[in-house]
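Have a look at my_file_38.txt below; it lists compact mmCIF, C-alpha atoms.
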# COMPACT_ATOMS: atom_id res chain seq x y z
CA MET A 21 -30.47 -32.69 24.28
CA LYS A 22 -32.12 -31.09 21.28
CA ILE A 23 -30.49 -27.72 21.71
CA ILE A 24 -26.84 -28.79 21.75
CA PRO A 25 -26.71 -30.33 18.27
CA LEU A 26 -28.74 -27.45 16.93
CA HIS A 27 -26.33 -24.97 18.39
CA LYS A 28 -23.44 -26.87 16.86
CA ASN A 29 -25.07 -26.72 13.47
CA TYR A 30 -25.76 -23.04 13.87
CA SER A 31 -22.25 -22.08 14.84
CA LYS A 32 -21.18 -21.47 11.22
CA LEU A 33 -24.35 -19.56 10.49
CA ILE A 34 -23.88 -17.50 13.62
CA ALA A 35 -20.28 -16.73 12.68
CA LYS A 36 -21.37 -15.53 9.25
CA ALA A 37 -24.27 -13.51 10.61
CA SER A 38 -22.02 -11.85 13.17
CA LYS A 39 -19.85 -10.55 10.31
CA GLY A 40 -22.91 -8.91 8.77
CA ASP A 41 -23.73 -11.63 6.25
CA ARG A 42 -27.30 -10.66 5.41
CA ARG A 43 -28.21 -14.10 4.06
CA ALA A 44 -27.06 -15.81 7.25
CA GLN A 45 -28.96 -13.27 9.29
CA HIS A 46 -32.06 -13.92 7.24
CA GLN A 47 -31.63 -17.65 7.76
CA LEU A 48 -31.41 -17.20 11.52
CA PHE A 49 -34.49 -15.01 11.37
CA GLU A 50 -36.41 -17.62 9.42
CA MET A 51 -35.40 -20.29 11.91
CA PHE A 52 -36.15 -18.49 15.14
CA SER A 53 -38.62 -15.70 14.49
CA PRO A 54 -41.82 -17.83 14.74
CA LYS A 55 -40.78 -19.27 18.08
CA MET A 56 -39.61 -15.94 19.38
CA LEU A 57 -42.79 -14.24 18.32
CA GLY A 58 -44.53 -16.92 20.39
CA VAL A 59 -42.33 -16.01 23.36
CA CYS A 60 -43.07 -12.33 23.03
CA ARG A 61 -46.75 -13.04 22.57
CA GLN A 62 -46.83 -14.66 26.00
CA TYR A 63 -46.22 -11.29 27.61
CA LEU A 64 -47.93 -9.02 25.13
CA LYS A 65 -51.57 -9.31 24.16
CA ASN A 66 -51.27 -7.22 21.03
CA ASN A 67 -49.98 -9.27 18.09
CA ASP A 68 -48.50 -6.28 16.29
CA LEU A 69 -46.76 -5.11 19.41
CA ALA A 70 -45.46 -8.63 20.00
CA GLU A 71 -44.01 -8.68 16.52
CA GLU A 72 -42.49 -5.25 16.98
CA VAL A 73 -40.84 -6.38 20.18
CA MET A 74 -39.72 -9.59 18.53
CA LEU A 75 -38.11 -7.58 15.71
CA SER A 76 -36.32 -5.25 18.07
CA GLY A 77 -35.17 -8.32 20.00
CA PHE A 78 -33.82 -9.81 16.77
CA PHE A 79 -32.13 -6.57 15.91
CA LYS A 80 -30.36 -6.57 19.25
CA MET A 81 -29.49 -10.22 18.87
CA LEU A 82 -28.00 -9.78 15.38
CA THR A 83 -26.05 -6.70 16.33
CA HIS A 84 -24.68 -8.36 19.44
CA LEU A 85 -23.90 -11.77 18.00
CA ASN A 86 -20.28 -11.33 19.04
CA ASP A 87 -21.44 -11.30 22.64
CA PHE A 88 -22.78 -14.82 22.26
CA LYS A 89 -20.32 -17.25 23.74
CA ASN A 90 -20.65 -20.75 22.41
CA GLU A 91 -21.11 -21.97 25.95
CA GLY A 92 -24.88 -22.11 26.34
CA SER A 93 -27.58 -22.84 23.84
CA PHE A 94 -28.14 -20.30 21.13
CA GLU A 95 -31.89 -20.63 21.34
CA GLY A 96 -31.79 -20.05 25.08
CA TRP A 97 -29.72 -16.94 24.49
CA ILE A 98 -32.19 -15.56 21.95
CA ARG A 99 -35.08 -16.46 24.20
CA ARG A 100 -33.61 -14.48 27.09
CA ILE A 101 -33.18 -11.50 24.81
CA MET A 102 -36.81 -11.77 23.79
CA VAL A 103 -37.99 -12.07 27.40
CA ASN A 104 -35.97 -9.03 28.41
CA GLU A 105 -37.24 -7.09 25.42
CA SER A 106 -40.83 -7.98 26.24
CA ILE A 107 -40.48 -7.00 29.86
CA SER A 108 -38.82 -3.69 29.00
CA GLN A 109 -41.74 -3.05 26.62
CA LEU A 110 -44.22 -3.73 29.40
CA ARG A 111 -42.29 -1.47 31.69
CA LYS A 112 -42.21 1.22 29.03
CA ASP A 113 -45.97 1.01 28.73
CA LYS A 114 -46.20 1.17 32.53
CA LYS A 115 -48.13 -2.08 32.70
CA LEU A 116 -46.05 -3.66 35.40
CA HIS A 117 -47.50 -2.57 38.71
CA PHE A 118 -46.48 -4.72 41.58
CA VAL A 119 -48.29 -3.76 44.68
CA SER A 120 -46.37 -5.05 47.62
CA GLU A 121 -48.91 -7.18 49.32
CA ALA A 122 -48.99 -8.93 52.63
CA GLU A 123 -47.03 -12.17 52.66
CA ILE A 124 -49.02 -15.11 51.62
CA ASP A 125 -48.21 -18.11 53.73
CA ASN A 126 -49.84 -20.62 51.50
CA THR A 127 -47.41 -20.44 48.59
CA THR A 128 -46.69 -24.12 48.57
CA GLU A 129 -46.82 -25.91 45.25
CA HIS A 130 -50.22 -27.08 44.38
CA SER A 131 -50.96 -28.38 40.97
CA THR A 132 -54.13 -27.76 39.13
CA PHE A 133 -55.28 -30.81 37.32
CA ILE A 134 -57.36 -30.69 34.23
CA GLU A 135 -59.38 -33.40 32.57
CA THR A 136 -58.66 -32.57 28.96
CA GLU A 137 -55.55 -31.03 27.45
CA LEU A 138 -55.95 -27.35 26.71
CA GLU A 139 -55.26 -26.13 23.25
CA GLU A 140 -52.77 -23.43 22.43
CA ALA A 141 -55.40 -20.83 21.66
CA ASP A 142 -57.26 -21.50 24.95
CA ILE A 143 -54.07 -21.20 26.93
CA GLN A 144 -53.21 -17.92 25.23
CA LYS A 145 -56.69 -16.63 25.98
CA MET A 146 -56.37 -17.51 29.65
CA ILE A 147 -52.93 -15.96 29.93
CA ASP A 148 -54.01 -12.84 28.10
CA SER A 149 -56.81 -12.41 30.61
CA LEU A 150 -54.32 -12.34 33.50
CA PRO A 151 -53.16 -8.95 34.77
CA ASP A 152 -49.73 -8.09 33.33
CA GLY A 153 -47.94 -8.46 36.65
CA TYR A 154 -49.39 -11.90 37.40
CA LYS A 155 -48.98 -13.00 33.85
CA THR A 156 -45.33 -11.98 33.60
CA VAL A 157 -44.33 -13.73 36.79
CA PHE A 158 -46.37 -16.81 35.91
CA VAL A 159 -44.89 -17.14 32.40
CA LEU A 160 -41.36 -16.52 33.67
CA TYR A 161 -41.79 -19.11 36.39
CA ALA A 162 -43.96 -21.78 34.78
CA VAL A 163 -42.92 -21.54 31.13
CA GLU A 164 -39.38 -20.12 31.10
CA GLY A 165 -38.35 -21.86 34.30
CA TYR A 166 -36.98 -18.80 36.12
CA LYS A 167 -36.55 -18.96 39.86
CA HIS A 168 -38.18 -16.40 42.11
CA SER A 169 -34.81 -14.83 42.81
CA GLU A 170 -34.20 -14.42 39.05
CA ILE A 171 -37.68 -13.04 38.49
CA GLY A 172 -37.23 -10.63 41.38
CA GLU A 173 -33.98 -9.39 39.83
CA LEU A 174 -35.45 -9.14 36.36
CA LEU A 175 -38.59 -7.30 37.36
CA GLN A 176 -36.90 -5.35 40.13
CA ILE A 177 -39.24 -6.73 42.74
CA SER A 178 -38.70 -8.71 45.90
CA GLU A 179 -38.64 -12.48 45.83
CA ASN A 180 -41.73 -12.47 47.99
CA THR A 181 -43.61 -10.24 45.60
CA SER A 182 -42.72 -12.67 42.84
CA LYS A 183 -44.12 -15.53 44.91
CA THR A 184 -47.38 -13.72 45.69
CA GLN A 185 -47.75 -12.73 42.06
CA LEU A 186 -47.32 -16.35 41.03
CA PHE A 187 -49.77 -17.55 43.68
CA LYS A 188 -52.41 -15.10 42.50
CA ALA A 189 -51.83 -16.00 38.88
CA ARG A 190 -52.28 -19.69 39.60
CA LYS A 191 -55.43 -19.00 41.56
CA MET A 192 -56.87 -17.03 38.70
CA LEU A 193 -55.95 -19.72 36.20
CA LYS A 194 -57.51 -22.39 38.34
CA ASN A 195 -60.69 -20.45 38.48
CA MET A 196 -60.59 -19.98 34.75
CA VAL A 197 -60.13 -23.72 34.21
CA LYS A 198 -62.95 -24.40 36.56
CA GLN A 199 -65.15 -21.95 34.74
CA GLN A 200 -64.23 -23.53 31.41
CA ASN A 201 -64.90 -26.98 32.77
CA ASN A 202 -68.23 -25.86 34.12
CA LEU A 203 -69.05 -24.30 30.80
CA SER A 204 -68.00 -27.38 28.88
CA TYR A 205 -69.82 -29.66 31.25
CA GLY A 206 -72.84 -27.45 30.92
CA THR A 207 -72.76 -27.65 27.15
CA LEU A 208 -72.22 -31.34 27.21
CA MET B 16 -59.04 -39.69 31.04
CA ALA B 17 -55.70 -39.22 32.73
CA PRO B 18 -55.58 -35.86 34.51
CA TYR B 19 -53.24 -33.21 33.11
CA LYS B 20 -51.26 -30.80 35.16
CA LEU B 21 -52.38 -27.39 34.01
CA GLU B 22 -48.95 -25.79 34.22
CA ASP B 23 -47.23 -28.61 32.39
CA ASN B 24 -49.88 -28.33 29.73
CA ILE B 25 -49.34 -24.58 29.44
CA ARG B 26 -45.55 -24.92 29.33
CA GLU B 27 -45.55 -27.63 26.72
CA LYS B 28 -47.95 -25.79 24.50
CA LEU B 29 -46.33 -22.39 24.83
CA GLU B 30 -42.77 -23.64 24.47
CA ALA B 31 -43.58 -25.43 21.27
CA ARG B 32 -45.73 -22.65 19.91
CA GLU B 33 -44.68 -20.89 16.78
CA LEU B 34 -46.33 -17.77 15.47
CA LYS B 35 -45.59 -16.76 11.94
CA PRO B 36 -44.48 -13.18 11.74
CA SER B 37 -46.01 -10.87 9.16
CA ALA B 38 -44.67 -10.94 5.62
CA ASP B 39 -42.82 -7.68 5.87
CA ALA B 40 -41.26 -8.45 9.24
CA TRP B 41 -37.88 -9.34 7.74
CA ARG B 42 -37.91 -6.27 5.53
CA LYS B 43 -38.44 -4.10 8.59
CA LEU B 44 -35.58 -5.78 10.40
CA GLU B 45 -33.35 -5.58 7.35
CA ALA B 46 -34.01 -1.87 7.02
CA LYS B 47 -33.06 -1.44 10.64
CA LEU B 48 -29.90 -3.47 10.15
CA ASP B 49 -29.01 -1.51 7.02
CA ALA B 50 -29.35 1.68 8.95
CA GLU B 51 -27.24 0.34 11.76
CA GLN B 52 -24.53 -1.73 10.16
CA PRO B 53 -22.73 0.98 8.19
CA LYS B 54 -22.24 2.84 11.43
CA ARG B 55 -20.96 -0.30 13.06
CA LYS B 56 -18.60 -0.84 10.14
CA ASN B 57 -17.33 2.70 10.45
CA PHE B 58 -16.76 2.19 14.11
CA PHE B 59 -14.96 -1.01 13.31
CA TRP B 60 -12.69 0.81 10.88
CA TYR B 61 -12.06 3.53 13.42
CA TYR B 62 -11.07 0.88 15.90
CA ALA B 63 -8.92 -0.85 13.28
CA ALA B 64 -7.20 2.41 12.36
CA ALA B 65 -6.68 3.33 15.99
CA SER B 66 -5.26 -0.07 16.84
CA PHE B 67 -2.99 0.04 13.78
CA ALA B 68 -1.73 3.46 14.78
CA GLY B 69 -1.15 2.13 18.27
CA LEU B 70 0.79 -0.80 16.87
CA LEU B 71 2.90 1.55 14.77
CA ILE B 72 3.71 3.68 17.78
CA VAL B 73 4.59 0.65 19.85
CA ALA B 74 6.69 -0.75 17.03
CA SER B 75 8.47 2.56 16.50
CA ILE B 76 9.21 2.81 20.20
CA PHE B 77 10.40 -0.78 20.24
CA PHE B 78 12.67 -0.32 17.24
CA SER B 79 13.86 3.10 18.32
CA ARG B 80 14.93 1.55 21.59
CA ASN B 81 16.87 -1.12 19.77
CA ALA B 82 18.22 1.09 17.02
CA PRO B 83 20.17 3.58 19.19
CA GLU B 84 21.98 0.72 20.87
CA ILE B 85 23.17 -0.56 17.53
CA ASN B 86 24.10 2.94 16.41
CA ASN B 87 26.04 3.52 19.58
CA GLN B 88 27.98 0.37 19.00
CA VAL B 89 28.78 1.34 15.46
CA VAL B 90 29.66 4.87 16.46
CA ASP B 91 31.95 3.73 19.24
CA GLU B 92 33.82 1.33 17.03
CA SER B 93 34.13 2.98 13.65
CA ILE B 94 32.49 6.30 12.97
CA ASP B 95 33.16 8.61 15.90
CA GLN B 96 36.79 7.87 16.54
CA PRO B 97 38.02 8.52 13.02
CA LYS B 98 35.97 11.67 12.87
CA ILE B 99 37.44 12.97 16.06
CA GLU B 100 40.93 12.07 14.93
CA GLU B 101 40.47 13.75 11.62
CA ASN B 102 39.11 16.84 13.23
CA SER B 103 41.84 16.91 15.82
CA GLU B 104 44.40 16.55 13.08
CA THR B 105 42.98 18.96 10.59
CA VAL B 106 42.12 21.78 12.94
CA PRO B 107 45.59 22.07 14.39
CA GLN B 108 47.07 21.94 10.92
CA SER B 109 45.06 24.86 9.72
CA ILE B 110 45.87 26.76 12.87
CA ASN B 111 49.57 25.98 12.47
CA LYS B 112 49.49 27.16 8.90
CA GLU B 113 47.84 30.37 9.88
CA GLU B 114 50.24 30.85 12.72
CA ILE B 115 53.23 30.16 10.55
CA ALA B 116 51.98 32.50 7.92
CA SER B 117 51.34 35.25 10.42
CA GLU B 118 54.73 34.70 12.06
CA GLU B 119 56.46 34.79 8.77
CA LYS B 120 54.68 37.96 7.80
CA LYS B 121 55.53 39.55 11.11
CA ASN B 122 59.13 38.43 11.25
CA ASP B 123 60.38 38.89 7.74
CA LYS B 124 58.92 40.85 4.93
CA ASN B 125 61.51 39.30 2.74
CA THR B 126 60.29 35.83 3.51
CA SER B 127 56.76 36.85 2.75
CA GLU B 128 58.01 38.46 -0.41
CA LYS B 129 59.83 35.32 -1.18
CA GLN B 130 56.73 33.36 -0.52
CA GLN B 131 54.85 35.71 -2.75
CA GLU B 132 57.54 35.27 -5.32
CA ASN B 133 57.32 31.57 -4.85
CA LYS B 134 53.62 31.77 -5.17
CA GLN B 135 53.99 33.96 -8.20
CA THR B 136 56.63 31.79 -9.75
CA PRO B 137 54.42 28.79 -9.93
CA ARG B 138 51.78 31.00 -11.40
CA SER B 139 54.25 32.41 -13.85
CA ASN B 140 55.44 28.94 -14.58
CA LYS B 141 51.91 27.92 -15.10
CA SER B 142 51.28 30.90 -17.28
CA GLN B 143 54.37 30.01 -19.18
CA LEU B 144 53.33 26.45 -19.36
CA LEU B 145 49.85 27.24 -20.46
CA PRO B 146 50.81 29.32 -23.44
CA GLN B 147 53.54 26.91 -24.33
CA PRO B 148 51.23 24.51 -26.13
CA ASN B 149 49.92 27.45 -28.11
CA VAL B 150 53.42 28.53 -28.87
CA ARG B 151 54.33 25.07 -29.83
CA LYS B 152 51.27 24.79 -31.99
CA LYS B 153 52.13 28.08 -33.57
CA SER B 154 55.64 26.95 -34.13
CA ALA B 155 54.36 23.75 -35.60
CA VAL B 156 52.17 25.71 -37.97
CA GLU B 157 55.11 27.92 -38.83
CA GLU B 158 57.19 24.85 -39.35
CA LYS B 159 54.57 23.49 -41.64
CA ILE B 160 54.58 26.65 -43.61
CA GLU B 161 58.37 26.57 -43.77
CA LYS B 162 58.28 22.99 -44.83
CA THR B 163 55.70 23.63 -47.46
CA GLU B 164 57.70 26.56 -48.71
CA ALA B 165 60.81 24.49 -48.87
CA ILE B 166 59.04 21.67 -50.59
CA ALA B 167 57.36 24.08 -52.91
CA GLU B 168 60.70 25.62 -53.81
CA TYR B 169 62.14 22.18 -54.32
CA MET B 170 59.19 21.15 -56.39
CA GLU B 171 59.36 24.36 -58.33
CA VAL B 172 62.96 23.69 -59.12
CA LYS B 173 62.22 20.13 -60.07
CA GLN B 174 59.02 20.78 -61.96
CA PRO B 175 58.85 24.27 -63.34
CA MET B 176 55.62 23.43 -65.18
CA ASN B 177 53.56 23.69 -61.98
CA VAL B 178 54.61 27.25 -61.38
CA GLU B 179 52.28 28.32 -64.12
CA LYS B 180 49.30 27.19 -62.13
CA PRO B 181 48.01 29.70 -59.63
CA VAL B 182 48.80 28.69 -56.07
CA PRO B 183 46.23 29.68 -53.43
CA SER B 184 48.27 28.65 -50.40
CA GLU B 185 51.55 26.98 -49.62
CA GLU B 186 49.89 23.97 -48.13
CA ASP B 187 47.84 23.55 -51.24
CA ARG B 188 50.90 23.93 -53.33
CA ILE B 189 52.66 21.02 -51.70
CA PHE B 190 49.59 18.91 -52.11
CA ASN B 191 49.17 19.94 -55.67
CA THR B 192 52.72 19.03 -56.42
CA LYS B 193 52.29 15.64 -54.97
CA VAL B 194 48.99 15.26 -56.76
CA ASP B 195 50.72 16.11 -59.95
CA GLU B 196 53.42 13.61 -59.17
CA VAL B 197 50.88 10.92 -58.53
CA VAL B 198 48.88 11.81 -61.60
CA ALA B 199 52.05 11.80 -63.64
CA SER B 200 53.01 8.41 -62.35
CA VAL B 201 49.50 7.17 -63.04
CA LYS B 202 49.83 8.56 -66.53
CA LYS B 203 53.12 6.76 -66.93
CA LEU B 204 51.58 3.55 -65.74
CA GLN B 205 48.76 4.07 -68.16
CA GLU B 206 51.17 4.56 -70.99
CA ASN B 207 52.98 1.40 -70.07
CA ASN B 208 50.14 -0.90 -69.06
CA THR B 209 47.19 0.85 -70.69
CA LYS B 210 45.12 -0.07 -67.62
CA VAL B 211 45.58 1.41 -64.15
CA THR B 212 44.44 -0.82 -61.35
CA ALA B 213 43.05 0.53 -58.11
CA THR B 214 45.79 -1.13 -56.08
CA GLU B 215 48.45 0.57 -58.12
CA VAL B 216 46.82 3.94 -57.63
CA GLU B 217 46.44 3.21 -53.95
CA ALA B 218 50.11 2.31 -53.69
CA LEU B 219 51.06 5.52 -55.42
CA LEU B 220 48.87 7.55 -53.09
CA ASN B 221 50.34 5.90 -50.03
CA SER B 222 53.89 6.48 -51.18
CA ALA B 223 53.13 10.10 -51.95
CA ARG B 224 51.59 10.59 -48.54
CA ARG B 225 54.60 9.03 -46.87
CA ASP B 226 56.87 11.29 -48.80
CA ILE B 227 54.97 14.34 -47.67
CA GLN B 228 55.00 13.23 -44.06
CA THR B 229 58.66 12.32 -44.02
CA GLN B 230 59.60 15.55 -45.73
CA ARG B 231 57.67 17.53 -43.17
CA ILE B 232 59.14 15.71 -40.22
CA LEU B 233 62.67 15.76 -41.52
CA SER B 234 62.60 19.36 -42.63
CA SER B 235 61.58 20.68 -39.24
CA PRO B 236 64.58 21.52 -37.01
CA LYS B 237 62.81 20.34 -33.83
CA VAL B 238 60.98 17.14 -34.48
CA ASP B 239 57.84 16.81 -32.35
CA ALA B 240 56.49 13.70 -33.88
CA THR B 241 53.42 13.27 -31.76
CA ALA B 242 52.30 16.83 -32.12
CA LEU B 243 52.80 16.75 -35.83
CA LEU B 244 50.99 13.51 -36.26
CA GLN B 245 48.11 14.48 -34.05
CA ASP B 246 47.64 17.86 -35.61
CA VAL B 247 48.09 17.01 -39.20
CA GLU B 248 47.63 13.35 -39.94
CA TRP B 249 43.88 12.98 -40.24
CA GLU B 250 43.57 16.33 -41.94
CA LEU B 251 46.31 15.52 -44.40
CA GLU B 252 45.00 12.09 -45.15
CA LYS B 253 41.60 13.39 -46.05
CA SER B 254 42.59 16.44 -47.96
CA PHE B 255 45.33 14.71 -49.90
CA ARG B 256 43.15 11.81 -50.90
CA ASP B 257 40.31 14.05 -51.86
CA LYS B 258 42.56 16.15 -53.98
CA VAL B 259 44.09 13.19 -55.72
CA PHE B 260 40.74 11.70 -56.42
CA ASP B 261 39.43 15.04 -57.54
CA ALA B 262 42.33 15.36 -59.87
CA LEU B 263 41.71 11.88 -61.18
CA GLY B 264 38.01 12.41 -61.23
CA GLU B 265 38.23 15.57 -63.26
CA GLY B 266 39.55 13.31 -65.89
CA PHE B 267 42.73 12.83 -67.74
CA ASN B 268 42.06 15.87 -69.89
CA LYS B 269 43.87 18.13 -67.53
CA ILE B 270 46.74 15.73 -67.23
CA ARG B 271 46.89 15.34 -70.95
CA THR B 272 47.00 19.06 -71.46
CA ALA B 273 49.68 19.36 -68.81
CA VAL B 274 51.67 16.61 -70.43
CA SER B 275 51.21 18.08 -73.86
CA GLU B 276 52.25 21.51 -72.60
CA ARG B 277 55.30 19.96 -71.05
CA ASN B 278 56.07 18.17 -74.25
CA ASP B 279 55.74 21.43 -76.08

Any chance you could give the structure as structure tokens?
Amino acid sequence: MKIIPLHKNYSKLIAKASKGDRRAQHQLFEMFSPKMLGVCRQYLKNNDLAEEVMLSGFFKMLTHLNDFKNEGSFEGWIRRIMVNESISQLRKDKKLHFVSEAEIDNTTEHSTFIETELEEADIQKMIDSLPDGYKTVFVLYAVEGYKHSEIGELLQISENTSKTQLFKARKMLKNMVKQQNNLSYGTL
Amino acid sequence: MAPYKLEDNIREKLEARELKPSADAWRKLEAKLDAEQPKRKNFFWYYAAASFAGLLIVASIFFSRNAPEINNQVVDESIDQPKIEENSETVPQSINKEEIASEEKKNDKNTSEKQQENKQTPRSNKSQLLPQPNVRKKSAVEEKIEKTEAIAEYMEVKQPMNVEKPVPSEEDRIFNTKVDEVVASVKKLQENNTKVTATEVEALLNSARRDIQTQRILSSPKVDATALLQDVEWELEKSFRDKVFDALGEGFNKIRTAVSERND
């Protein structure tokens, strides 16, 4: 609901930027770069690297603006570019190792409940502490809303591997929350 | 203390998160774009040029397909047929001429001679015709001279006083005589009226000129009015007037002396 009016407002800006209008491009950058840096940062621990990836994602976006059809949301389109860019960076750095593990039967949804809302910085810390494989699948699934089939295609892994990765990520996060809770309870 | 779903919490926080890029982030991106966009523009122009060339080719093919049809129509109706007819007519004619000529040469030398004569005769006629104007002009000149002589003789008889004056040419003589006549008449007018008006002088000059012309035309045995007029008129007009005015301009002294001599 938010995205559609935004996209409508951006259409003129996008049209200008696609013709190489540097001011329009700068405006788009100003609008989307903080959010997109946040997206990249989900996958990449290093801030500088995240920014680098974000910039290369923007570069691709601005140079392929003609490929953007006004069908979907513009933000969603940029976001996908950023996700792909981040993953290709991880792959380049050979951080994505998916060991094909034995099928885990217990992959049913189970939610981890927390007493107090976690702050942004805490969440980032937890995610950063996850192994790159777990983290990537978890972020793609839980934050970006990808399905296992899409994640499998994107990361060139089987759907099952995606599921096991997600399961392990959740488990680790749960433990982390528990640990935090224990720590906080201890301090209190 | 409502419990939060961890994943919802993570999603909400991460989706809404914004991280400010470093200050020089845009400059880096701009530099990259600057490096890239000229190339893209060039490529664009290459594509534009290529597509334009393609359009031209297509258009030329399209029009060249249409154009021959139109040309064919035009050719069928107007251009080709006359050309063919002309050619078919002219070529045989030339051949016939050649054949006739050759036949004539072969058959009769006399005919060819005749033809040659005929050919020559026009030439001779032409040659005769061409000199004729010259001859005529010459004759006209001669006639003039004759006329002037005659007039001079006549004038000499009439006015022996002018004989004393040296005469450079016969043409001049006739003019001089007339000039003298005019001057004399002017003198007479002066004696009578004391003042000579320009109109009177003009009238005298005109009459004198007419006299000269009429004398010339009448004196010649063959009157070729147009030739005479064309050859002489403008020349005569000028020279006669000039002489009269010169005579008048030199003053009445000469005239007085002449008159006094005559009186003596």

What lies within 10 Å of region 95-102 of chain A using all atoms listed in the file, ignoring chain neighbours under 5 positions off, as a compact mmCIF listing (two decimals) with C-alpha atoms, in the frame of the given file?
# COMPACT_ATOMS: atom_id res chain seq x y z
CA ILE A 23 -30.49 -27.72 21.71
CA ILE A 24 -26.84 -28.79 21.75
CA LEU A 26 -28.74 -27.45 16.93
CA HIS A 27 -26.33 -24.97 18.39
CA TYR A 30 -25.76 -23.04 13.87
CA PHE A 52 -36.15 -18.49 15.14
CA SER A 53 -38.62 -15.70 14.49
CA LYS A 55 -40.78 -19.27 18.08
CA MET A 56 -39.61 -15.94 19.38
CA LEU A 57 -42.79 -14.24 18.32
CA GLY A 58 -44.53 -16.92 20.39
CA VAL A 59 -42.33 -16.01 23.36
CA CYS A 60 -43.07 -12.33 23.03
CA ALA A 70 -45.46 -8.63 20.00
CA VAL A 73 -40.84 -6.38 20.18
CA MET A 74 -39.72 -9.59 18.53
CA LEU A 75 -38.11 -7.58 15.71
CA SER A 76 -36.32 -5.25 18.07
CA GLY A 77 -35.17 -8.32 20.00
CA PHE A 78 -33.82 -9.81 16.77
CA LYS A 80 -30.36 -6.57 19.25
CA MET A 81 -29.49 -10.22 18.87
CA LEU A 82 -28.00 -9.78 15.38
CA LEU A 85 -23.90 -11.77 18.00
CA PHE A 88 -22.78 -14.82 22.26
CA LYS A 89 -20.32 -17.25 23.74
CA ILE A 107 -40.48 -7.00 29.86
CA SER A 108 -38.82 -3.69 29.00
CA GLU A 164 -39.38 -20.12 31.10

Which polymer residues have any atom within 12 Å of an atom of region 39-41 of chain A, counting all atoms listed in the file, with same-chain residues fewer than 3 positions away left out, as a VMD selection string? (chain A and resid 32 to 36 44 to 48 79 82 to 86) or (chain B and resid 45 48 to 49 51 to 53 55 to 56 59)

Contact set, chain A to chain B: 6 Å, only C-alpha atoms, as a list of chain:residue names: A:Pro54, A:Lys55, A:Leu57, A:Gly58, A:Thr132, A:Phe133, A:Ile134, A:Glu135, A:Glu140, A:Val163

Those same residues, written as a PDB file, in the coordinates of the input with C-alpha atoms?
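What follows is the written file result30.pdb:
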ATOM      1  CA  PRO A  54     -41.820 -17.830  14.740  1.00  0.00           C
ATOM      2  CA  LYS A  55     -40.780 -19.270  18.080  1.00  0.00           C
ATOM      3  CA  LEU A  57     -42.790 -14.240  18.320  1.00  0.00           C
ATOM      4  CA  GLY A  58     -44.530 -16.920  20.390  1.00  0.00           C
ATOM      5  CA  THR A 132     -54.130 -27.760  39.130  1.00  0.00           C
ATOM      6  CA  PHE A 133     -55.280 -30.810  37.320  1.00  0.00           C
ATOM      7  CA  ILE A 134     -57.360 -30.690  34.230  1.00  0.00           C
ATOM      8  CA  GLU A 135     -59.380 -33.400  32.570  1.00  0.00           C
ATOM      9  CA  GLU A 140     -52.770 -23.430  22.430  1.00  0.00           C
ATOM     10  CA  VAL A 163     -42.920 -21.540  31.130  1.00  0.00           C
TER      11      VAL A 163
END

Measure the distance from CA of Asn207 (chain B) to CA of Asp195 (chain B) in Å and round it to one decimal.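 Calculated distance between CA of Asn207 (chain B) and CA of Asp195 (chain B) is 18.0 Å.
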
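In this model, the gap between CA of Leu71 (chain B) and CA of Asp87 (chain A) comes to 28.6 Å.
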